[in-house]
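Dumped query.tsv below, it's TSV, C-alpha atoms:
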chain	number	residue	atom	x	y	z
Q	1	MET	CA	24.42	-33.70	-40.51
Q	2	LEU	CA	25.29	-31.05	-37.98
Q	3	ARG	CA	22.53	-28.64	-37.10
Q	4	THR	CA	22.57	-25.14	-35.73
Q	5	GLY	CA	20.20	-22.42	-34.68
Q	6	LEU	CA	16.77	-22.33	-33.17
Q	7	ILE	CA	14.80	-20.91	-36.09
Q	8	TYR	CA	11.42	-21.20	-34.56
Q	9	CYS	CA	10.29	-20.34	-31.07
Q	10	VAL	CA	7.36	-21.16	-28.84
Q	11	LEU	CA	5.56	-18.15	-27.45
Q	12	PHE	CA	3.01	-18.90	-24.80
Q	13	LEU	CA	1.07	-15.67	-25.49
Q	14	PHE	CA	1.45	-14.80	-21.83
Q	15	LEU	CA	5.05	-15.83	-21.35
Q	16	SER	CA	8.21	-14.62	-23.09
Q	17	LEU	CA	11.64	-16.13	-22.59
Q	18	ALA	CA	14.78	-14.08	-23.06
Q	19	GLY	CA	18.41	-14.91	-22.40
Q	20	TYR	CA	19.90	-17.86	-20.62
Q	21	SER	CA	22.20	-18.17	-17.65
Q	22	GLY	CA	22.38	-21.46	-15.84
Q	23	GLN	CA	19.17	-22.89	-14.39
Q	24	THR	CA	16.00	-20.91	-13.82
Q	25	ASN	CA	12.59	-21.73	-12.40
Q	26	TYR	CA	9.50	-19.59	-12.83
Q	27	HIS	CA	5.75	-19.95	-13.10
Q	28	LEU	CA	2.58	-18.07	-13.89
Q	29	HIS	CA	-0.64	-18.57	-11.98
Q	30	ASP	CA	-4.12	-18.58	-13.46
Q	31	VAL	CA	-6.44	-17.70	-10.56
Q	32	THR	CA	-9.63	-18.61	-12.40
Q	33	LEU	CA	-8.59	-22.04	-13.58
Q	34	GLN	CA	-6.38	-22.82	-10.60
Q	35	LYS	CA	-3.71	-24.10	-12.95
Q	36	THR	CA	-0.10	-23.04	-13.04
Q	37	VAL	CA	2.58	-23.18	-15.71
Q	38	TYR	CA	5.97	-24.13	-14.26
Q	39	GLN	CA	9.09	-23.85	-16.36
Q	40	ARG	CA	12.76	-24.60	-15.99
Q	41	THR	CA	15.60	-23.66	-18.33
Q	42	LEU	CA	18.94	-25.41	-18.02
Q	43	LYS	CA	21.77	-26.99	-19.96
Q	44	LEU	CA	21.52	-30.71	-20.69
Q	45	MET	CA	23.20	-32.84	-23.36
Q	46	GLY	CA	25.38	-29.82	-24.09
Q	47	SER	CA	22.36	-27.77	-25.17
Q	48	ARG	CA	19.67	-25.51	-23.81
Q	49	PHE	CA	16.50	-27.27	-22.63
Q	50	ASP	CA	13.27	-25.44	-21.80
Q	51	LEU	CA	10.97	-27.70	-19.77
Q	52	THR	CA	7.34	-26.72	-19.19
Q	53	VAL	CA	4.61	-28.44	-17.20
Q	54	VAL	CA	1.13	-27.47	-16.05
Q	55	ALA	CA	0.63	-28.48	-12.42
Q	56	GLU	CA	-1.51	-27.69	-9.38
Q	57	ASN	CA	1.19	-26.20	-7.16
Q	58	LEU	CA	4.88	-25.38	-6.90
Q	59	GLU	CA	5.86	-28.59	-5.15
Q	60	GLN	CA	4.15	-30.74	-7.76
Q	61	GLY	CA	5.55	-28.65	-10.60
Q	62	ASN	CA	9.12	-28.98	-9.33
Q	63	THR	CA	8.68	-32.72	-8.80
Q	64	TYR	CA	7.64	-33.15	-12.41
Q	65	LEU	CA	10.47	-30.98	-13.69
Q	66	ASP	CA	13.00	-32.93	-11.61
Q	67	MET	CA	11.68	-36.15	-13.18
Q	68	ALA	CA	12.17	-34.76	-16.67
Q	69	VAL	CA	15.72	-33.62	-15.90
Q	70	ALA	CA	16.62	-37.03	-14.45
Q	71	GLU	CA	15.24	-38.83	-17.51
Q	72	ILE	CA	17.12	-36.62	-19.97
Q	73	SER	CA	20.33	-37.04	-17.97
Q	74	ARG	CA	19.87	-40.82	-18.02
Q	75	ILE	CA	19.53	-40.82	-21.79
Q	76	GLU	CA	22.59	-38.63	-22.18
Q	77	LYS	CA	24.70	-41.15	-20.28
Q	78	LEU	CA	23.44	-43.90	-22.56
Q	79	ILE	CA	23.96	-42.26	-25.96
Q	80	SER	CA	26.80	-39.79	-25.40
Q	81	SER	CA	29.81	-40.38	-27.63
Q	82	TRP	CA	31.82	-37.93	-25.48
Q	83	ASP	CA	31.50	-40.00	-22.33
Q	84	PRO	CA	34.19	-42.72	-22.52
Q	85	GLN	CA	32.10	-44.88	-20.16
Q	86	SER	CA	28.95	-44.85	-22.29
Q	87	GLN	CA	27.78	-47.81	-24.34
Q	88	THR	CA	27.96	-45.64	-27.46
Q	89	SER	CA	31.65	-44.99	-26.78
Q	90	ALA	CA	32.20	-48.72	-26.30
Q	91	ILE	CA	30.69	-49.35	-29.74
Q	92	ASN	CA	33.00	-46.75	-31.32
Q	93	GLN	CA	36.08	-47.98	-29.46
Q	94	ASN	CA	35.53	-51.49	-30.77
Q	95	ALA	CA	34.93	-50.52	-34.39
Q	96	GLY	CA	36.46	-53.13	-36.71
Q	97	LEU	CA	37.32	-55.31	-33.72
Q	98	ARG	CA	34.29	-56.91	-32.07
Q	99	PRO	CA	30.54	-56.54	-31.47
Q	100	VAL	CA	29.42	-54.80	-28.29
Q	101	LYS	CA	26.41	-55.92	-26.26
Q	102	VAL	CA	24.18	-52.96	-25.37
Q	103	ASP	CA	20.96	-52.26	-23.50
Q	104	LYS	CA	17.75	-52.99	-25.35
Q	105	GLU	CA	16.87	-49.29	-25.40
Q	106	LEU	CA	20.06	-48.29	-27.22
Q	107	PHE	CA	19.83	-51.27	-29.57
Q	108	GLN	CA	16.30	-50.29	-30.58
Q	109	LEU	CA	17.27	-46.63	-31.05
Q	110	ILE	CA	20.07	-47.66	-33.42
Q	111	GLU	CA	17.72	-50.05	-35.19
Q	112	ARG	CA	15.22	-47.25	-35.81
Q	113	ALA	CA	18.02	-44.96	-37.00
Q	114	LEU	CA	19.08	-47.54	-39.56
Q	115	LYS	CA	15.52	-47.82	-40.85
Q	116	ILE	CA	15.44	-44.06	-41.39
Q	117	SER	CA	18.81	-44.25	-43.15
Q	118	LYS	CA	17.41	-46.81	-45.57
Q	119	LEU	CA	14.24	-44.78	-46.05
Q	120	THR	CA	16.22	-41.61	-46.84
Q	121	GLN	CA	18.87	-43.46	-48.86
Q	122	GLY	CA	21.60	-42.26	-46.54
Q	123	ALA	CA	20.62	-38.59	-46.22
Q	124	PHE	CA	20.33	-39.44	-42.53
Q	125	ASP	CA	23.18	-41.56	-41.18
Q	126	ILE	CA	24.34	-41.88	-37.56
Q	127	SER	CA	27.78	-42.96	-38.81
Q	128	TYR	CA	28.27	-39.35	-39.94
Q	129	ALA	CA	30.39	-39.09	-36.78
Q	130	SER	CA	33.16	-40.81	-38.75
Q	131	MET	CA	33.56	-37.81	-41.08
Q	132	ASP	CA	36.83	-35.91	-41.09
Q	133	ARG	CA	36.08	-32.25	-40.51
Q	134	ILE	CA	37.62	-30.71	-43.62
Q	135	TRP	CA	35.03	-27.94	-43.88
Q	136	LYS	CA	35.62	-25.14	-41.38
Q	137	PHE	CA	33.27	-22.21	-41.06
Q	138	ASP	CA	35.52	-19.82	-39.19
Q	139	GLY	CA	36.75	-17.98	-42.28
Q	140	SER	CA	39.88	-20.12	-42.70
Q	141	VAL	CA	38.56	-22.02	-45.74
Q	142	THR	CA	38.80	-19.83	-48.86
Q	143	GLU	CA	38.91	-22.43	-51.63
Q	144	MET	CA	37.25	-25.74	-52.41
Q	145	PRO	CA	39.01	-28.83	-51.04
Q	146	SER	CA	40.08	-31.30	-53.70
Q	147	PRO	CA	37.66	-34.10	-54.70
Q	148	ASP	CA	40.11	-36.67	-53.31
Q	149	ILE	CA	40.16	-35.01	-49.90
Q	150	VAL	CA	36.36	-34.82	-49.86
Q	151	ARG	CA	36.01	-38.50	-50.76
Q	152	GLU	CA	38.48	-39.47	-48.06
Q	153	SER	CA	36.56	-37.43	-45.49
Q	154	VAL	CA	33.51	-39.70	-45.82
Q	155	SER	CA	35.33	-42.96	-46.53
Q	156	LYS	CA	34.33	-44.44	-43.16
Q	157	VAL	CA	30.71	-43.25	-43.30
Q	158	GLY	CA	28.08	-45.82	-44.20
Q	159	TYR	CA	25.08	-47.07	-42.25
Q	160	GLN	CA	25.28	-50.35	-44.21
Q	161	ASN	CA	28.37	-51.19	-42.15
Q	162	ILE	CA	26.53	-51.00	-38.82
Q	163	ILE	CA	25.78	-54.63	-38.04
Q	164	LEU	CA	23.05	-55.54	-35.56
Q	165	ASP	CA	22.67	-58.98	-34.02
Q	166	HIS	CA	19.15	-59.22	-32.62
Q	167	ALA	CA	19.70	-62.53	-30.85
Q	168	ALA	CA	22.84	-61.38	-29.04
Q	169	GLN	CA	21.67	-57.73	-28.83
Q	170	THR	CA	25.04	-56.50	-30.09
Q	171	VAL	CA	26.19	-53.64	-32.31
Q	172	PHE	CA	29.25	-53.94	-34.54
Q	173	LEU	CA	30.86	-51.24	-36.64
Q	174	LYS	CA	32.39	-53.21	-39.48
Q	175	ASN	CA	35.31	-50.91	-40.31
Q	176	LYS	CA	38.05	-49.51	-38.10
Q	177	GLY	CA	37.69	-45.79	-37.61
Q	178	MET	CA	33.91	-45.87	-37.85
Q	179	LYS	CA	31.92	-43.95	-35.29
Q	180	ILE	CA	28.26	-43.37	-34.55
Q	181	GLY	CA	26.73	-40.29	-33.00
Q	182	PHE	CA	23.23	-39.17	-32.13
Q	183	GLY	CA	23.56	-35.45	-32.79
Q	184	ALA	CA	20.75	-35.55	-35.35
Q	185	ILE	CA	18.33	-37.68	-33.34
Q	186	GLY	CA	19.38	-37.78	-29.67
Q	187	LYS	CA	17.75	-34.60	-28.37
Q	188	GLY	CA	14.51	-35.49	-30.13
Q	189	TYR	CA	14.59	-38.90	-28.51
Q	190	ALA	CA	15.26	-37.33	-25.11
Q	191	ALA	CA	12.29	-34.98	-25.57
Q	192	ASP	CA	10.02	-37.92	-26.41
Q	193	LYS	CA	11.16	-39.95	-23.41
Q	194	ALA	CA	10.76	-37.04	-20.99
Q	195	LYS	CA	7.27	-36.36	-22.32
Q	196	ALA	CA	6.28	-40.03	-22.05
Q	197	LEU	CA	7.51	-40.22	-18.46
Q	198	LEU	CA	5.61	-37.08	-17.43
Q	199	MET	CA	2.42	-38.28	-19.07
Q	200	GLU	CA	2.75	-41.58	-17.19
Q	201	GLN	CA	2.94	-39.52	-13.99
Q	202	GLY	CA	-0.30	-37.77	-14.83
Q	203	VAL	CA	1.01	-34.50	-16.26
Q	204	GLU	CA	-1.79	-33.43	-18.59
Q	205	SER	CA	0.02	-30.65	-20.40
Q	206	GLY	CA	3.55	-29.49	-21.11
Q	207	ILE	CA	6.37	-28.88	-23.55
Q	208	ILE	CA	9.85	-30.36	-23.79
Q	209	ASN	CA	11.98	-28.06	-25.93
Q	210	ALA	CA	15.45	-29.48	-26.53
Q	211	SER	CA	17.15	-26.60	-28.32
Q	212	GLY	CA	14.49	-26.62	-31.00
Q	213	ASP	CA	13.56	-30.30	-30.86
Q	214	LEU	CA	10.14	-29.76	-29.37
Q	215	ASN	CA	7.38	-32.07	-28.21
Q	216	ALA	CA	4.17	-30.65	-26.77
Q	217	TRP	CA	1.02	-32.17	-25.32
Q	218	GLY	CA	-2.20	-30.92	-23.80
Q	219	ALA	CA	-3.04	-27.21	-23.75
Q	220	GLN	CA	-2.36	-24.00	-21.87
Q	221	PRO	CA	-4.23	-23.47	-18.56
Q	222	ASP	CA	-6.85	-21.36	-20.34
Q	223	GLY	CA	-7.55	-24.20	-22.78
Q	224	LYS	CA	-5.80	-22.59	-25.75
Q	225	ASP	CA	-3.31	-24.59	-27.80
Q	226	TRP	CA	0.40	-24.02	-27.45
Q	227	MET	CA	1.55	-21.97	-30.45
Q	228	VAL	CA	4.73	-22.23	-32.47
Q	229	ALA	CA	6.08	-19.35	-34.56
Q	230	ILE	CA	8.04	-20.10	-37.73
Q	231	ILE	CA	10.77	-17.46	-37.75
Q	232	ASN	CA	12.32	-15.88	-40.81
Q	233	PRO	CA	15.85	-17.39	-40.79
Q	234	LEU	CA	17.30	-14.20	-42.27
Q	235	ASN	CA	15.58	-11.97	-39.71
Q	236	LYS	CA	14.81	-13.42	-36.30
Q	237	GLU	CA	12.55	-10.46	-35.52
Q	238	LYS	CA	10.04	-11.48	-38.19
Q	239	VAL	CA	7.59	-14.39	-38.11
Q	240	PHE	CA	6.48	-16.24	-41.24
Q	241	SER	CA	3.56	-17.93	-39.56
Q	242	TRP	CA	1.92	-19.16	-36.38
Q	243	LEU	CA	0.74	-22.72	-36.00
Q	244	PRO	CA	-0.97	-24.49	-33.11
Q	245	VAL	CA	0.92	-27.44	-31.63
Q	246	LYS	CA	-1.17	-30.07	-29.90
Q	247	ASP	CA	0.08	-33.56	-29.09
Q	248	ARG	CA	2.81	-33.42	-31.66
Q	249	ALA	CA	6.46	-32.60	-32.21
Q	250	VAL	CA	8.10	-29.80	-34.16
Q	251	VAL	CA	11.76	-29.85	-35.18
Q	252	THR	CA	13.73	-27.44	-37.36
Q	253	SER	CA	17.01	-28.13	-39.08
Q	254	GLY	CA	18.56	-24.91	-40.23
Q	255	ASN	CA	21.67	-23.11	-41.26
Q	256	TYR	CA	21.71	-19.38	-41.71
Q	257	GLU	CA	24.53	-18.32	-39.42
Q	258	LYS	CA	27.38	-20.75	-40.17
Q	259	TYR	CA	28.44	-20.71	-43.80
Q	260	ILE	CA	31.30	-19.76	-46.10
Q	261	ILE	CA	31.44	-18.04	-49.49
Q	262	ILE	CA	33.72	-19.57	-52.12
Q	263	ASN	CA	33.86	-18.09	-55.62
Q	264	GLY	CA	30.69	-16.18	-54.90
Q	265	GLU	CA	28.73	-19.28	-53.87
Q	266	ARG	CA	27.38	-19.91	-50.39
Q	267	TYR	CA	28.16	-23.24	-48.66
Q	268	THR	CA	26.37	-24.07	-45.43
Q	269	HIS	CA	27.75	-26.14	-42.58
Q	270	ILE	CA	25.31	-29.06	-42.87
Q	271	ILE	CA	27.26	-31.73	-44.73
Q	272	ASP	CA	25.71	-34.44	-46.87
Q	273	PRO	CA	27.11	-37.65	-45.33
Q	274	ARG	CA	26.84	-39.42	-48.70
Q	275	THR	CA	29.07	-37.00	-50.61
Q	276	GLY	CA	31.05	-34.99	-48.08
Q	277	TYR	CA	29.88	-31.73	-49.62
Q	278	PRO	CA	27.79	-29.04	-47.91
Q	279	SER	CA	24.05	-29.22	-48.52
Q	280	LYS	CA	22.60	-26.54	-50.78
Q	281	GLY	CA	19.30	-24.85	-51.49
Q	282	ILE	CA	17.66	-24.70	-48.05
Q	283	LEU	CA	17.91	-22.26	-45.16
Q	284	SER	CA	15.58	-24.15	-42.84
Q	285	ALA	CA	13.36	-27.23	-42.82
Q	286	THR	CA	10.69	-27.64	-40.16
Q	287	ILE	CA	9.00	-31.00	-39.60
Q	288	PHE	CA	5.68	-31.57	-37.82
Q	289	THR	CA	4.90	-35.14	-36.78
Q	290	LYS	CA	3.93	-37.29	-33.80
Q	291	ASN	CA	7.32	-37.68	-32.12
Q	292	ALA	CA	10.46	-35.57	-31.92
Q	293	GLU	CA	12.86	-38.44	-32.62
Q	294	LEU	CA	11.41	-38.96	-36.09
Q	295	ALA	CA	10.98	-35.23	-36.70
Q	296	ASP	CA	14.62	-34.68	-35.72
Q	297	ALA	CA	15.87	-37.23	-38.24
Q	298	LEU	CA	13.53	-36.09	-41.01
Q	299	ALA	CA	14.39	-32.41	-40.62
Q	300	THR	CA	18.06	-33.20	-41.18
Q	301	SER	CA	17.20	-35.51	-44.06
Q	302	VAL	CA	15.11	-32.91	-45.90
Q	303	PHE	CA	17.83	-30.32	-45.46
Q	304	VAL	CA	20.33	-32.70	-47.06
Q	305	MET	CA	17.96	-33.84	-49.82
Q	306	GLY	CA	17.12	-30.35	-51.03
Q	307	VAL	CA	13.77	-28.71	-51.77
Q	308	ASP	CA	12.34	-30.87	-54.56
Q	309	THR	CA	13.51	-34.28	-53.36
Q	310	GLY	CA	12.78	-33.41	-49.75
Q	311	LEU	CA	9.22	-32.28	-50.41
Q	312	ASP	CA	8.47	-35.30	-52.59
Q	313	PHE	CA	9.79	-37.53	-49.82
Q	314	ILE	CA	7.70	-35.88	-47.08
Q	315	ASN	CA	4.56	-35.91	-49.22
Q	316	GLN	CA	4.78	-39.70	-49.30
Q	317	LEU	CA	4.81	-40.03	-45.51
Q	318	LYS	CA	1.57	-40.29	-43.58
Q	319	GLY	CA	1.22	-37.93	-40.63
Q	320	VAL	CA	4.25	-35.82	-41.51
Q	321	GLU	CA	4.18	-32.17	-42.57
Q	322	CYS	CA	6.99	-29.87	-43.62
Q	323	ILE	CA	7.72	-26.16	-44.06
Q	324	ILE	CA	10.87	-25.25	-45.99
Q	325	VAL	CA	12.54	-21.88	-46.37
Q	326	ASP	CA	14.74	-22.02	-49.46
Q	327	GLU	CA	17.92	-20.10	-50.21
Q	328	ASN	CA	15.84	-17.27	-51.67
Q	329	ASN	CA	13.90	-16.98	-48.40
Q	330	LYS	CA	10.78	-18.39	-50.04
Q	331	VAL	CA	8.38	-20.41	-47.87
Q	332	ILE	CA	7.43	-23.78	-49.38
Q	333	THR	CA	5.13	-26.31	-47.74
Q	334	SER	CA	4.28	-29.96	-48.10
Q	335	LYS	CA	0.85	-30.80	-49.50
Q	336	ASN	CA	-0.61	-31.31	-46.01
Q	337	ILE	CA	-0.13	-27.67	-45.09
Q	338	ALA	CA	-1.99	-25.00	-47.07
Q	339	LEU	CA	-0.07	-21.74	-47.41
Q	340	LYS	CA	-3.32	-19.76	-47.19
Q	341	GLU	CA	-3.99	-21.28	-43.77
Q	342	ILE	CA	-0.52	-20.38	-42.58
Q	343	GLU	CA	-0.96	-16.78	-43.70
Q	344	THR	CA	-4.34	-16.59	-41.96
Q	345	GLN	CA	-2.96	-17.93	-38.69
Q	346	SER	CA	0.01	-15.57	-38.81
Q	347	LYS	CA	-2.20	-12.45	-38.81
Just dump the structure as structure tokens.
Amino acid sequence: MLRTGLIYCVLFLFLSLAGYSGQTNYHLHDVTLQKTVYQRTLKLMGSRFDLTVVAENLEQGNTYLDMAVAEISRIEKLISSWDPQSQTSAINQNAGLRPVKVDKELFQLIERALKISKLTQGAFDISYASMDRIWKFDGSVTEMPSPDIVRESVSKVGYQNIILDHAAQTVFLKNKGMKIGFGAIGKGYAADKAKALLMEQGVESGIINASGDLNAWGAQPDGKDWMVAIINPLNKEKVFSWLPVKDRAVVTSGNYEKYIIINGERYTHIIDPRTGYPSKGILSATIFTKNAELADALATSVFVMGVDTGLDFINQLKGVECIIVDENNKVITSKNIALKEIETQSK
């Protein structure tokens, strides 16, 4: 359930981002509309975040950006499995021993994650963190691991063994050695929470881009929609299509850089938590829906499910759209997105 690569990018038509070194602040001023785009790029939750707000002046813009940073940092402290003081770490440390009482926010996030696990029949599973890392994508693996080793690697994975007590507001991992992690949902959740906070503060337009887990609202200062470009995963210089993004989230799960070749067959680094084997058939899966948390989880799920099962699954969900690039670099869409429209918008 690991994810890599930003295989789509947001281009503001008048603003292009390149490179990354620490924290940056910059803005563009629209004299006619008296609106300004303020943006900050920095590292949060171990990843690159690009934060964008439309505000009246520099002071207001920086205030809003500071609020977003503080909110994302707060969430990181809550859900980080690397911080030994976090509630998530406490859950993992007490696996097989005792339930752990957690904040309502974390309890509800885990509860929603379990619902998605059931919906996807385990293609999405926050207990993936329990997996032994037997697949390495540094060139050291040259032959298939034995079936016994693969089975053992996922022996502690299983969302069914995450026990929630609503009355006591506790989380219990039933088996020793179990772990949960939010790598496939956490940044999307952080993007949603930062957006919600800014909207509460009166920010009418902006984008929270958490290394590809993107949530946008409002419009550019000139009234045009924010635009998202779906990038060819085999050639980052080429764009498959342009799509407007208004009051919705876009998340891509992809793997085109980290993979190994064994006996002439390509194995990507996104592992199916149900089987322990690398997922096959998809280079990238992009989800469009109302919030980044759900899009984050569904993008990973579709990647694990494969083209046919993944598309059938998405087509049954209201308000969710999907664009898949398969292993042959073919673009495939869910029924809610017409390919002709994509081609028209990409011209």
Select, from Q:Glu152, Q:Asp247, Q:Glu327, Q:Asp50, the residue with the minimum atom-to-atom distance to Glu204 of chain Q, counting only C-alpha atoms.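 Smallest distance to Glu204 of chain Q is found for Q:Asp247.
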Identify, on the basis of all atoms listed in the file, every residue whose closest approach to segment 270-280 of chain Q does not exceed 9 Å; exclude the query and any residue fewer than 5 positions from it along the same chain; express the result as a ChimeraX atom specification. /Q:1-4,121-125,127-128,131,135,150-154,157-158,254-255,258-259,300,303-306,327
Atoms to include: C-alpha atoms. Write the selected residues as a CSV table (one decimal), keeping the file's coordinate frame.
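Printed below is again_17.csv as written:
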chain,number,residue,atom,x,y,z
Q,1,MET,CA,24.4,-33.7,-40.5
Q,2,LEU,CA,25.3,-31.0,-38.0
Q,3,ARG,CA,22.5,-28.6,-37.1
Q,4,THR,CA,22.6,-25.1,-35.7
Q,121,GLN,CA,18.9,-43.5,-48.9
Q,122,GLY,CA,21.6,-42.3,-46.5
Q,123,ALA,CA,20.6,-38.6,-46.2
Q,124,PHE,CA,20.3,-39.4,-42.5
Q,125,ASP,CA,23.2,-41.6,-41.2
Q,127,SER,CA,27.8,-43.0,-38.8
Q,128,TYR,CA,28.3,-39.4,-39.9
Q,131,MET,CA,33.6,-37.8,-41.1
Q,135,TRP,CA,35.0,-27.9,-43.9
Q,150,VAL,CA,36.4,-34.8,-49.9
Q,151,ARG,CA,36.0,-38.5,-50.8
Q,152,GLU,CA,38.5,-39.5,-48.1
Q,153,SER,CA,36.6,-37.4,-45.5
Q,154,VAL,CA,33.5,-39.7,-45.8
Q,157,VAL,CA,30.7,-43.2,-43.3
Q,158,GLY,CA,28.1,-45.8,-44.2
Q,254,GLY,CA,18.6,-24.9,-40.2
Q,255,ASN,CA,21.7,-23.1,-41.3
Q,258,LYS,CA,27.4,-20.8,-40.2
Q,259,TYR,CA,28.4,-20.7,-43.8
Q,300,THR,CA,18.1,-33.2,-41.2
Q,303,PHE,CA,17.8,-30.3,-45.5
Q,304,VAL,CA,20.3,-32.7,-47.1
Q,305,MET,CA,18.0,-33.8,-49.8
Q,306,GLY,CA,17.1,-30.4,-51.0
Q,327,GLU,CA,17.9,-20.1,-50.2
Nearest to Arg74 of chain Q by atom-to-atom distance, counting all atoms listed in the file, from Q:Asp213, Q:Glu105, Q:Asp225, Q:Asp308: Q:Glu105
Please report the interatomic distance between atom CA of Lys193 of chain Q and atom CA of Thr289 of chain Q in Å with one decimal.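 Here the two named atoms are 15.5 Å from each other.
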When you count all atoms listed in the file, which of these residues is closest to Leu65 of chain Q: Q:Leu119, Q:His269, Q:Leu311, Q:Gln201?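 For Leu65 of chain Q, the nearest of the candidates is Q:Gln201.
Checking Q:Ala129, Q:Ala229, Q:Lys335, Q:Lys77 one by one against Ile180 of chain Q, counting all atoms listed in the file, you find the shortest gap at Q:Ala129.
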Hey, can you check how far atom CA of Leu317 of chain Q sits from atom CA of Gly181 of chain Q?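 Distance between the two atoms: 25.2 Å.
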Compile the contact shell of Asn328 of chain Q as a PyMOL selection string: residues with an atom at most 12 Å away, counting all atoms listed in the file, same-chain residues fewer than 5 positions apart removed. chain Q and resi 232-234+256+266+280-284+307
Given the choices Q:Ser205, Q:Asn62, Q:Asn92, Q:Thr268, which gets closest to Asp138 of chain Q if the distance is worked out from only C-alpha atoms?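 Nearest to Asp138 of chain Q: Q:Thr268.
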d(atom CA of Thr286 of chain Q, atom CA of Ile185 of chain Q) in Å: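 Going from atom CA of Thr286 of chain Q over to atom CA of Ile185 of chain Q covers 14.3 Å.
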Check the smallest atom-to-atom distance from each of Q:Glu143, Q:Asp165, Q:Asp103, Q:Glu71 to Ala190 of chain Q using all atoms listed in the file, then report the winner.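 The closest residue to Ala190 of chain Q is Q:Glu71.
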Which polymer residues have any atom within 6 Å of an atom of Ile323 of chain Q, counting all atoms listed in the file, with same-chain residues fewer than 2 positions away left out, as a compact mmCIF listing (two decimals) with C-alpha atoms, in the frame of the given file?
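Dumped to selection.txt:
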# COMPACT_ATOMS: atom_id res chain seq x y z
CA ALA Q 285 13.36 -27.23 -42.82
CA THR Q 286 10.69 -27.64 -40.16
CA ILE Q 332 7.43 -23.78 -49.38
CA THR Q 333 5.13 -26.31 -47.74
Protein and nucleic acid residues near (23.7, -49.6, -26.6) (cut-off 10 Å, only C-alpha atoms) as a list in words: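 I get Leu78, Ile79, Ser86, Gln87, Thr88, Ser89, Ala90, Ile91, Val100, Lys101, Val102, Asp103, Lys104, Glu105, Leu106, Phe107, Gln108, Leu109, Ile110, Gln169, Thr170 and Val171 of chain Q for the residues within 10 Å of that point.
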Take segment 77-81 of chain Q, model all heavy atoms, and hand the result over as a PDB file, in the frame of the given file.
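Output saved as out.pdb:
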ATOM      1  N   LYS Q  77      23.658 -40.199 -20.668  1.00  0.00           N
ATOM      2  CA  LYS Q  77      24.700 -41.150 -20.280  1.00  0.00           C
ATOM      3  C   LYS Q  77      24.705 -42.382 -21.177  1.00  0.00           C
ATOM      4  O   LYS Q  77      25.740 -43.003 -21.396  1.00  0.00           O
ATOM      5  CB  LYS Q  77      24.490 -41.577 -18.821  1.00  0.00           C
ATOM      6  CG  LYS Q  77      24.760 -40.469 -17.812  1.00  0.00           C
ATOM      7  CD  LYS Q  77      24.526 -40.945 -16.388  1.00  0.00           C
ATOM      8  CE  LYS Q  77      24.779 -39.821 -15.389  1.00  0.00           C
ATOM      9  NZ  LYS Q  77      24.532 -40.255 -13.990  1.00  0.00           N
ATOM     10  N   LEU Q  78      23.554 -42.719 -21.710  1.00  0.00           N
ATOM     11  CA  LEU Q  78      23.440 -43.900 -22.560  1.00  0.00           C
ATOM     12  C   LEU Q  78      23.978 -43.640 -23.965  1.00  0.00           C
ATOM     13  O   LEU Q  78      24.684 -44.489 -24.540  1.00  0.00           O
ATOM     14  CB  LEU Q  78      21.977 -44.333 -22.645  1.00  0.00           C
ATOM     15  CG  LEU Q  78      21.670 -45.590 -23.467  1.00  0.00           C
ATOM     16  CD1 LEU Q  78      22.240 -46.822 -22.788  1.00  0.00           C
ATOM     17  CD2 LEU Q  78      20.157 -45.721 -23.662  1.00  0.00           C
ATOM     18  N   ILE Q  79      23.668 -42.473 -24.545  1.00  0.00           N
ATOM     19  CA  ILE Q  79      23.960 -42.260 -25.960  1.00  0.00           C
ATOM     20  C   ILE Q  79      25.144 -41.341 -26.226  1.00  0.00           C
ATOM     21  O   ILE Q  79      25.568 -41.193 -27.378  1.00  0.00           O
ATOM     22  CB  ILE Q  79      22.731 -41.693 -26.698  1.00  0.00           C
ATOM     23  CG1 ILE Q  79      22.429 -40.262 -26.261  1.00  0.00           C
ATOM     24  CG2 ILE Q  79      21.517 -42.603 -26.498  1.00  0.00           C
ATOM     25  CD1 ILE Q  79      21.315 -39.599 -27.047  1.00  0.00           C
ATOM     26  N   SER Q  80      25.709 -40.739 -25.187  1.00  0.00           N
ATOM     27  CA  SER Q  80      26.800 -39.790 -25.400  1.00  0.00           C
ATOM     28  C   SER Q  80      28.037 -40.464 -25.988  1.00  0.00           C
ATOM     29  O   SER Q  80      28.502 -41.484 -25.479  1.00  0.00           O
ATOM     30  CB  SER Q  80      27.175 -39.109 -24.088  1.00  0.00           C
ATOM     31  OG  SER Q  80      28.336 -38.309 -24.256  1.00  0.00           O
ATOM     32  N   SER Q  81      28.553 -39.873 -27.061  1.00  0.00           N
ATOM     33  CA  SER Q  81      29.810 -40.380 -27.630  1.00  0.00           C
ATOM     34  C   SER Q  81      31.009 -39.650 -27.014  1.00  0.00           C
ATOM     35  O   SER Q  81      32.158 -39.995 -27.298  1.00  0.00           O
ATOM     36  CB  SER Q  81      29.806 -40.173 -29.152  1.00  0.00           C
ATOM     37  OG  SER Q  81      29.625 -38.808 -29.480  1.00  0.00           O
TER      38      SER Q  81
END
